[in-house]
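J.: Pasting a structure here, questions to come.
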Protein chains: 2
Amino acid sequence: MRTRPLKVALLGCGVVGSEVARIMTTHADDLAARIGAPVELAGVAVRRPDKVREGIDPALVTTDATALVKRGDLDVVVEVIGGIEPARTLITTAFEHGASVVSANKALLAQDGAALHAAAEEHGRDLYYEAAVAGAIPLIRPLRESLAGDKVNRVLGIVNGTTNFILDKMDSTGAGYQEALDEATALGYAEADPTADVEGFDAAAKAAILAGIAFHTRVRLDDVYREGMTEVTAADFASAKEMGCTIKLLAICERAADGASVTARVHPAMIPLSHPLASVRGAYNAVFVESDAAGQLMFYGPGAGGSPTASAVLGDLVAVCRNRLSGATGPGESAYAALPVSPMGDVVTRYHISLDVADKPGVLAQVATVFAEHGVSIDTVRQQGKDGEASLVVVTHRASDAALHGTVEALRKLDTVRGVASIMRVEGE
Amino acid sequence: MRTRPLKVALLGCGVVGSEVARIMTTHADDLAARIGAPVELAGVAVRRPDKVREGIDPALVTTDATALVKRGDLDVVVEVIGGIEPARTLITTAFEHGASVVSANKALLAQDGAALHAAAEEHGRDLYYEAAVAGAIPLIRPLRESLAGDKVNRVLGIVNGTTNFILDKMDSTGAGYQEALDEATALGYAEADPTADVEGFDAAAKAAILAGIAFHTRVRLDDVYREGMTEVTAADFASAKEMGCTIKLLAICERAADGASVTARVHPAMIPLSHPLASVRGAYNAVFVESDAAGQLMFYGPGAGGSPTASAVLGDLVAVCRNRLSGATGPGESAYAALPVSPMGDVVTRYHISLDVADKPGVLAQVATVFAEHGVSIDTVRQQGKDGEASLVVVTHRASDAALHGTVEALRKLDTVRGVASIMRVEGE
Ligand SMILES: NC(=O)c1ccc[n+]([C@@H]2O[C@H](COP(=O)([O-])OP(=O)(O)OC[C@H]3O[C@@H](n4cnc5c(N)ncnc54)[C@H](OP(=O)(O)O)[C@@H]3O)[C@@H](O)[C@H]2O)c1
Ligand SMILES: NC(=O)c1ccc[n+]([C@@H]2O[C@H](COP(=O)([O-])OP(=O)(O)OC[C@H]3O[C@@H](n4cnc5c(N)ncnc54)[C@H](OP(=O)(O)O)[C@@H]3O)[C@@H](O)[C@H]2O)c1
C-alpha cells in the first residue's frame with residue numbers, strides 16, 4: 001500500500017458533510033485498505049467557522065472555500081454545500097486545480113451537469129455523484145455501469161422521502177395534505193420551507209439526472225414536466241382506494257415506443273396496490289428500472305439522511321481515489337444518443353378523472369362523445385347521483401396527455417359539467 | 001472513438017452465451033459508443049460444433065476453446081460454460097495470454113475465487129462476475145463499489161429462483177414439495193436434475209461470493225452451512241401462516257455482533273409476511289443488505305434467464321473494455337479483513353420447533369426445563385392435544401445454533417417426547 005495519503009477537502013460540513021468527516025475518521029483503516037492508500041482530511045470549508053464540530057480538528061476549518069480548492073495539492077474535493085453558487089464555481093475551480101470531485105448536489109447536477117462533466121473531462125478528472133439521487137441507494141452506478149450493456153426503457157420511482165412520508169400519512173390515516181405536512185415538519189421529515197419537496201423540484205432534478213444517464217442523452221431540469229403534490233386530497237385517496245390503488249409522487253423517465261425520443265416527468269399518480277412501489281412506506285425511496293435484457297429491477301432504501309447519504313458519498317470517494325492511484329478516470333458523461341426530449345403532451349398514459357355533473361339523462365352520452373371526439377378511449381365509468389347533482393368517475397385507456405387535456409377543456413365547456421373535481425394519472429400497470 | 005475493435009471470445013453459447021452474442025450484435029453501436037471502441041466477436045467455443053446457432057457466423061465457432069484463449073490477441077474472454085473444468089483452466093490460460101475475463105460461473109468463483117483473482121492480478125487483468133449472483137440484479141458492483149466506504153453487517157436474500165418458485169407455489173396453493181417441483185420442472189424453472197438448486201448448492205455458492213465481497217474476507221463454498229428445502233412440508237407452511245410468516249430459502253451472510261467473525265449459511269427459514277422478502281414471487285430474486293451508514297437496502301429483479309444474465313455479463317464487458325482502453329484495472333479481490341468464518345453452531349437466531357408429545361400433565365414443564373437447561377429462552381408455546389397425543393409448538397428467543405441443537409437432542413431423549421416434527425429458523429425480524 002502507498003503510504004503517502006490522498007488529500008481530500010470537504011466543502012460543507014452540515015447534515016451530510018459532518019457524517020462524511022466522521023466516517024472518514026472512524027473507518028480510516030478500512031478506507032485505506034480498500035483504496036490502497038490512506039486518505040487525509042486536508043480542509044473543511046463552512047459558513048460559520050466558530051460552530052463546534054465534533055471530531056473535526058478546528059485547524060482544518062476555513063470559511064475560504066475558494067482558497068481551499070485552489071491549494072493545488074488536493075486529490076479529491078467533496079462538495080456537500082448544496083445549491084448552485086458557490087458550489088458550481090468551487091467545483092470547476094477544483095477541476096482546474098487538479099482535483100476530482102464527489103458531489104451530492106442534485107440541483108446543480110440537474111441544471112449544469114453537462115458543463116461540469118465537460119470541465120472534469122477537460123482536466124482529466126472524475127465527477128461522481130451517487131448521493132445526488134435517492135441517498136444511499138446505489139442507482140447512478142447500476143444505471144451507468146451495470147446496465148451499460150443493456151437498453152433502459154423506463155425508470156419509475158419514488159425519489160423524494162418527504163413527499164412519500166406525507167402521502168403515506170394521508171393514505172394510512174385519512175389526513176389531509178396540510179395535517180400530514182405539519183406532522184412531517186414536526187418530525188423533521190420536511191424542511192421549514194418545504195417548497196422544493198412538495199412542489200416536485202427536488203424529484204424533478206433527480207428525474208433529469210436519471211433520464212440523462214439512462215438514455216445517454218442530455219436532460220436538464222427544464223426538460224422535466226413537474227407537478228407538485230400539494231393539491232392531492234383525502235378525496236383523491238378515497239377514489240384511489242376504490243380502484244385498488246394508492247397515490248405516490250413519481251419520477252418517470254421513459255423512452256417513447258418508437259425509441260426515437262424520451263420524456264421525463266414528476267407528478268402524483270395512482271398506482272395499483274399490487275405494485276411494489278405502492279408499499280414503499282415513510283421516507284423510503286425506491287426506483288424501478290425496466291430494460292430490454294434485464295427486465296424489471298428494483299432498488300430500495302433510505303433516500304436521505306446524513307449517514308445514508310454519506311455512505312453514497314464515501315463509495316464515490318473510494319472509487320475516485322482508486323482512479324487517482326491508477327491514473328485512470330471512471331465513466332464520464334455519456335450523451336451520445338442525443339435523443340430529443342418530448343414535451344408532456346406526447347406522454348401516453350392512463351387517467352382517472354372525476355367530474356361533477358348534472359344528474360339528468362343523457363349526460364353520460366354527452367361526456368362519452370367528448371372523449372370519443374378527442375380519441376381518448378374510456379376503460380370504465382362510474383356514475384353516482386343524488387339531489388340533482390351527480391359525479392362521474394372516468395378511467396381511460398392509454399392516451400396522450402395532449403388528447404386528455406383537449407378532452408378536459410371540451411368537457412369544461414359542456415353545460416351539464418359543473419366542474420372537473422380532479423384529474424390524476426394512473427401508472428405502473 | 002478508437003476504430004480498432006476490442007476482441008472478445010465467447011466460451012459457451014448456451015442459454016446465456018447465445019444472448020450475449022445476440023446483444024453484442026444487435027446493440028453493437030451502443031456498446032461501441034459506451035466503451036469508446038467497437039467490440040468484435042473473435043471466436044465462440046462450444047461442445048457441439050454443428051448445432052445451428054442463429055446469428056453466429058459458423059466460421060467463428062470452434063470446439064477448441066484452449067486454442068481460442070491462447071490466440072494472444074484477445075482483449076476479453078467471456079466464460080459462460082459453467083462448472084469447474086475446463087472453465088477454470090480456460091480462465092487462467094486467458095489471463096496468461098493477456099485477456100481480461102468476464103464470467104457468470106458461481107460454482108467456480110465460490111470454489112476458486114481467490115486463485116482466479118490472484119491470476120488476474122498477476123497478469124494485470126480484470127476478473128468480473130456480476131452475473132454469477134442473482135442474474136440481472138446489480139449486486140456485486142453495489143457491494144464492491146457503492147458500499148466501499150461503508151461497513152456491511154448483513155446480507156440476507158433469495159438468490160435462487162427455482163427454489164423460490166417451488167416455495168411460492170407451496171405457499172399459494174398448499175401443494176407439497178414434490179407436486180410443486182413437478183410444476184417447476186414442467187414450466188422450465190427447474191432442471192431435470194434439480195439437486196444443485198433444491199439442496200441449496202447454488203445458493204451456497206452465491207452466499208460464499210457475497211460474503212467474501214461484503215466482509216472483505218475469503219469465504220469459500222465449504223465455509224457456507226447448507227441445508228436444502230426438500231424437507232419443507234405443507235404442514236410447515238401451515239405453521240408459518242399461524243405465525244404470520246411464510247417460508248423462503250435464504251442465503252444469510254452476517255458479521256458477528258462483536259464484529260470479529262462472520263458466518264454464511266443457506267437454509268429454509270420462516271420470515272414475517274411484513275418483510276419485503278416475503279412478497280418476492282415466482283422465480284424472482286431479492287437481496288437485503290444492511291450496513292452501518294446506509295441502513296437497509298434492497299435489490300430486486302430476475303435472478304436468472306438468458307437475457308437477464310446476459311445483461312449483467314454485458315455490463316461487465318463494457319466495464320472491462322473501458323479498463324482495457326484506459327490501461328487500468330477495476331477493483332480486484334479485497335480480502336484484507338481476513339475475518340474468521342465461524343461454524344454454524346455460533347450462529348444466533350430464533351427457532352420454531354414442533355414436537356409430538358404425550359398428552360399428559362407435566363409435559364410442558366419437562367420440555368421447558370430442557371430449554372432452560374440449555375440456555376435457550378422460550379418466546380411462545382402453543383399446545384394442542386387430542387386422543388392422548390399432543391403437539392407442542394415452541395418459538396424461541398435468539399439462541400445459538402449449538403444451544404438449540406443441544407436442546408433438541410435432550411428433548412429427543414425425553415420419554416414424553418414422541419418425536420421432533422420440525423425445526424425451522426425464524427429470520428428477518
Ligand atoms: N441532507 C440529506 O439528507 C441529503 C440527501 C441527499 C443529498 N443531499 C445534498 O447534500 C448537500 C448538502 O446537504 P446538507 O443536508 O448536508 O446541507 P446542510 O446541512 O445545510 O449543510 C450545508 C453545509 O454547507 C456549508 N456552507 C453553506 N454555504 C457555504 C459557503 N458559501 N461556503 C462554505 N460552506 C458553506 C454550511 O456551513 P455551516 O455549517 O457553517 O452552516 C454547512 O456546513 C446538498 O446538495 C443536498 O441536496 C442531502
Ligand atoms: N442460465 C441461467 O439463467 C444462468 C443464470 C446465471 C448464471 N448462469 C451461469 O452461466 C453459465 C452458463 O450457463 P448456461 O445456462 O448458459 O449453460 P448452457 O445453456 O448449458 O450452456 C453451456 C455452453 O457451454 C458449452 N460448453 C460446454 N462444455 C464445453 C466445453 N468443454 N468446451 C466448450 N464449450 C462447452 C455448451 O456447448 P453446446 O452449445 O455445444 O452444448 C454451451 O454452449 C453457468 O456458469 C451458469 O451457472 C446461468
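Lettering and numbering for the C-alpha cells are positional, with chains as A, B, ... in the shown order, residues counted from 1 in each chain, and ligands counted from 1 in the shown order.
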Write down, as a PyMOL selection string, each residue of chain B that has any atom within 6 Å of an atom of chain A, counting only C-alpha atoms.
T.: chain B and resi 136+146-150+293-294+296-301+307-308+311+314-315
J.: Please identify the residues whose atoms come within 8 Å of ligand 1, using only C-alpha atoms and all ligand atoms, and report them as an mmCIF file with C-alpha atoms, in the first residue's frame.
T.:
data_model
loop_
_atom_site.group_PDB
_atom_site.id
_atom_site.type_symbol
_atom_site.label_atom_id
_atom_site.label_comp_id
_atom_site.auth_asym_id
_atom_site.auth_seq_id
_atom_site.Cartn_x
_atom_site.Cartn_y
_atom_site.Cartn_z
ATOM 1 C CA LEU A 11 -16.831 21.694 1.192
ATOM 2 C CA GLY A 12 -19.698 21.891 3.663
ATOM 3 C CA CYS A 13 -19.975 20.177 6.994
ATOM 4 C CA GLY A 14 -23.697 20.074 7.662
ATOM 5 C CA VAL A 15 -26.055 17.093 7.790
ATOM 6 C CA VAL A 16 -24.126 15.142 5.143
ATOM 7 C CA GLY A 17 -20.640 16.633 5.457
ATOM 8 C CA SER A 18 -20.329 16.003 9.186
ATOM 9 C CA ALA A 45 -14.977 24.765 4.302
ATOM 10 C CA VAL A 46 -18.032 26.086 6.155
ATOM 11 C CA ARG A 47 -20.013 29.286 6.572
ATOM 12 C CA ARG A 48 -19.835 29.569 10.366
ATOM 13 C CA PRO A 49 -16.254 28.985 11.474
ATOM 14 C CA LYS A 51 -19.563 26.393 15.332
ATOM 15 C CA THR A 63 -14.565 29.953 5.534
ATOM 16 C CA ASP A 64 -12.465 30.487 2.434
ATOM 17 C CA ALA A 65 -13.631 27.597 0.285
ATOM 18 C CA GLU A 79 -18.902 19.176 -2.356
ATOM 19 C CA VAL A 80 -21.750 18.943 0.156
ATOM 20 C CA ILE A 81 -22.732 22.599 0.388
ATOM 21 C CA GLY A 82 -25.693 22.339 -1.968
ATOM 22 C CA GLY A 83 -27.340 24.960 -4.212
ATOM 23 C CA GLU A 85 -23.422 29.015 -6.243
ATOM 24 C CA PRO A 86 -20.804 28.951 -4.830
ATOM 25 C CA ALA A 87 -20.907 25.160 -5.369
ATOM 26 C CA SER A 103 -20.878 15.830 -5.044
ATOM 27 C CA ALA A 104 -24.328 15.202 -3.580
ATOM 28 C CA ASN A 105 -25.800 18.240 -5.295
ATOM 29 C CA LYS A 106 -28.808 17.224 -7.416
ATOM 30 C CA ALA A 107 -29.933 20.807 -8.044
ATOM 31 C CA LEU A 108 -26.592 21.722 -9.565
ATOM 32 C CA ALA A 131 -25.550 10.665 -3.419
ATOM 33 C CA ALA A 132 -27.430 13.176 -5.571
ATOM 34 C CA VAL A 133 -30.209 10.696 -6.365
ATOM 35 C CA ALA A 134 -32.008 8.579 -3.761
ATOM 36 C CA GLY A 135 -29.421 8.972 -0.997
ATOM 37 C CA GLY A 303 -33.364 8.191 0.195
ATOM 38 C CA ALA A 304 -31.907 10.801 2.509
ATOM 39 C CA GLY A 305 -30.398 11.449 5.910
ATOM 40 C CA GLY A 306 -26.868 12.290 6.922
ATOM 41 C CA PRO A 308 -27.090 7.104 4.324
ATOM 42 C CA THR A 309 -26.108 9.988 2.057
#
J.: Among range 26-75 of chain A, which ones does DSSP assign to alpha helix (DSSP H) (computed from the backbone)? Answer as a PyMOL selection string.
T.: chain A and resi 26+28-35+65-69
J.: Give me, as number ranges by chain, all polymer residues having an atom no more than 10 Å from Ala421 in chain A, counting only C-alpha atoms and skipping those fewer than 5 positions away in the same chain.
T.: A: 235-236, 353-356, 391-393
J.: Fewer than 5 positions away in the same chain doesn't count, so skip those; otherwise give me all residues within 9 Å of Asp222 in chain B, counting only C-alpha atoms, as a list of chain:residue names.
T.: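 Neighbouring residues, sequence-local ones excluded: B:Ala110, B:Gln111, B:Ala204, B:Ala208.
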J.: Which residues come within 12 Å of Ala119 in chain A, counting only C-alpha atoms, excluding same-chain residues fewer than 4 positions away, as a list in words?
T.: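 Near Ala119 in chain A, the qualifying residues are Arg88, Thr89, Leu90, Ile91, Thr92, Thr93, Ala94, Phe95, Glu96, His97, Gly98, Ala99, Ser100, Val101, Asp112, Gly113, Ala114, Ala115, His123, Gly124, Arg125, Asp126, Leu127, Gly332 and Glu333 of chain A.
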J.: Using only C-alpha atoms and all ligand atoms for the distances, tell me which of B:Ala269, B:Val198, B:Ala203, B:Cys245 is nearest to ligand 2.
T.: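 Closest to ligand 2, using only C-alpha atoms and all ligand atoms: B:Ala203.
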J.: Rank B:Asp387, B:Glu231, B:Glu121, B:Asp197 by their smallest atom-to-atom distance to ligand 2, using only C-alpha atoms and all ligand atoms, and report the top residue only.
T.: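 The shortest atom-to-atom distance to ligand 2 comes from B:Asp197.
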J.: Hey, what's within 7 Å of range 367-381 of chain B if we count only C-alpha atoms and toss same-chain stuff fewer than 5 positions away? As a list of chain:residue names, please?
T.: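 The filter keeps B:Leu392, B:Val393, B:Val394, B:Val395, B:Thr396, B:His397, B:Ala399, B:Ala403, B:Leu404, B:Gly406, B:Thr407, B:Ala410, B:Leu411.
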J.: Quick check, in Å to one decimal: how far apart do CA of Leu414 in chain A and CA of Thr349 in chain A lie?
T.: 24.5 Å
J.: Can you pull out the residues contacting Leu250 in chain A? Cut-off 7 Å, using only C-alpha atoms, and skip same-chain residues under 3 positions away; I want them as a ChimeraX atom specification.
T.: /A:156-158,266-269
J.: Can I get the selection written as a PDB file, in the first residue's frame, with all heavy atoms?
T.:
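Generated file (out.pdb):
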ATOM      1  N   LEU A 156     -38.866   4.440 -13.085  1.00  0.00           N
ATOM      2  CA  LEU A 156     -40.112   4.851 -12.425  1.00  0.00           C
ATOM      3  C   LEU A 156     -39.851   4.765 -10.939  1.00  0.00           C
ATOM      4  O   LEU A 156     -39.558   3.681 -10.430  1.00  0.00           O
ATOM      5  CB  LEU A 156     -41.199   3.849 -12.821  1.00  0.00           C
ATOM      6  CG  LEU A 156     -42.568   3.963 -12.175  1.00  0.00           C
ATOM      7  CD1 LEU A 156     -43.374   5.063 -12.856  1.00  0.00           C
ATOM      8  CD2 LEU A 156     -43.332   2.637 -12.294  1.00  0.00           C
ATOM      9  N   GLY A 157     -39.941   5.897 -10.243  1.00  0.00           N
ATOM     10  CA  GLY A 157     -39.571   5.760  -8.847  1.00  0.00           C
ATOM     11  C   GLY A 157     -40.086   6.814  -7.910  1.00  0.00           C
ATOM     12  O   GLY A 157     -40.582   7.873  -8.316  1.00  0.00           O
ATOM     13  N   ILE A 158     -39.967   6.480  -6.654  1.00  0.00           N
ATOM     14  CA  ILE A 158     -40.225   7.400  -5.558  1.00  0.00           C
ATOM     15  C   ILE A 158     -38.852   7.899  -5.126  1.00  0.00           C
ATOM     16  O   ILE A 158     -38.066   7.140  -4.564  1.00  0.00           O
ATOM     17  CB  ILE A 158     -40.922   6.664  -4.398  1.00  0.00           C
ATOM     18  CG1 ILE A 158     -42.294   6.182  -4.850  1.00  0.00           C
ATOM     19  CG2 ILE A 158     -41.018   7.563  -3.164  1.00  0.00           C
ATOM     20  CD1 ILE A 158     -42.932   5.179  -3.888  1.00  0.00           C
ATOM     21  N   VAL A 266     -42.510  14.488 -13.368  1.00  0.00           N
ATOM     22  CA  VAL A 266     -42.747  14.248 -11.952  1.00  0.00           C
ATOM     23  C   VAL A 266     -44.165  14.712 -11.658  1.00  0.00           C
ATOM     24  O   VAL A 266     -44.517  15.847 -11.988  1.00  0.00           O
ATOM     25  CB  VAL A 266     -41.757  15.057 -11.082  1.00  0.00           C
ATOM     26  CG1 VAL A 266     -42.191  15.055  -9.621  1.00  0.00           C
ATOM     27  CG2 VAL A 266     -40.352  14.501 -11.224  1.00  0.00           C
ATOM     28  N   HIS A 267     -44.967  13.830 -11.104  1.00  0.00           N
ATOM     29  CA  HIS A 267     -46.333  14.218 -10.729  1.00  0.00           C
ATOM     30  C   HIS A 267     -46.915  13.161  -9.810  1.00  0.00           C
ATOM     31  O   HIS A 267     -46.425  12.023  -9.774  1.00  0.00           O
ATOM     32  CB  HIS A 267     -47.205  14.408 -11.977  1.00  0.00           C
ATOM     33  CG  HIS A 267     -47.226  13.230 -12.896  1.00  0.00           C
ATOM     34  ND1 HIS A 267     -47.833  12.041 -12.566  1.00  0.00           N
ATOM     35  CD2 HIS A 267     -46.678  13.046 -14.123  1.00  0.00           C
ATOM     36  CE1 HIS A 267     -47.678  11.182 -13.557  1.00  0.00           C
ATOM     37  NE2 HIS A 267     -46.968  11.749 -14.516  1.00  0.00           N
ATOM     38  N   PRO A 268     -47.975  13.521  -9.076  1.00  0.00           N
ATOM     39  CA  PRO A 268     -48.650  12.495  -8.290  1.00  0.00           C
ATOM     40  C   PRO A 268     -49.373  11.554  -9.244  1.00  0.00           C
ATOM     41  O   PRO A 268     -49.841  11.994 -10.302  1.00  0.00           O
ATOM     42  CB  PRO A 268     -49.662  13.272  -7.441  1.00  0.00           C
ATOM     43  CG  PRO A 268     -49.591  14.693  -7.857  1.00  0.00           C
ATOM     44  CD  PRO A 268     -48.651  14.848  -8.995  1.00  0.00           C
ATOM     45  N   ALA A 269     -49.457  10.292  -8.899  1.00  0.00           N
ATOM     46  CA  ALA A 269     -50.160   9.339  -9.762  1.00  0.00           C
ATOM     47  C   ALA A 269     -50.722   8.218  -8.904  1.00  0.00           C
ATOM     48  O   ALA A 269     -50.203   7.910  -7.831  1.00  0.00           O
ATOM     49  CB  ALA A 269     -49.200   8.763 -10.810  1.00  0.00           C
TER      50      ALA A 269
END
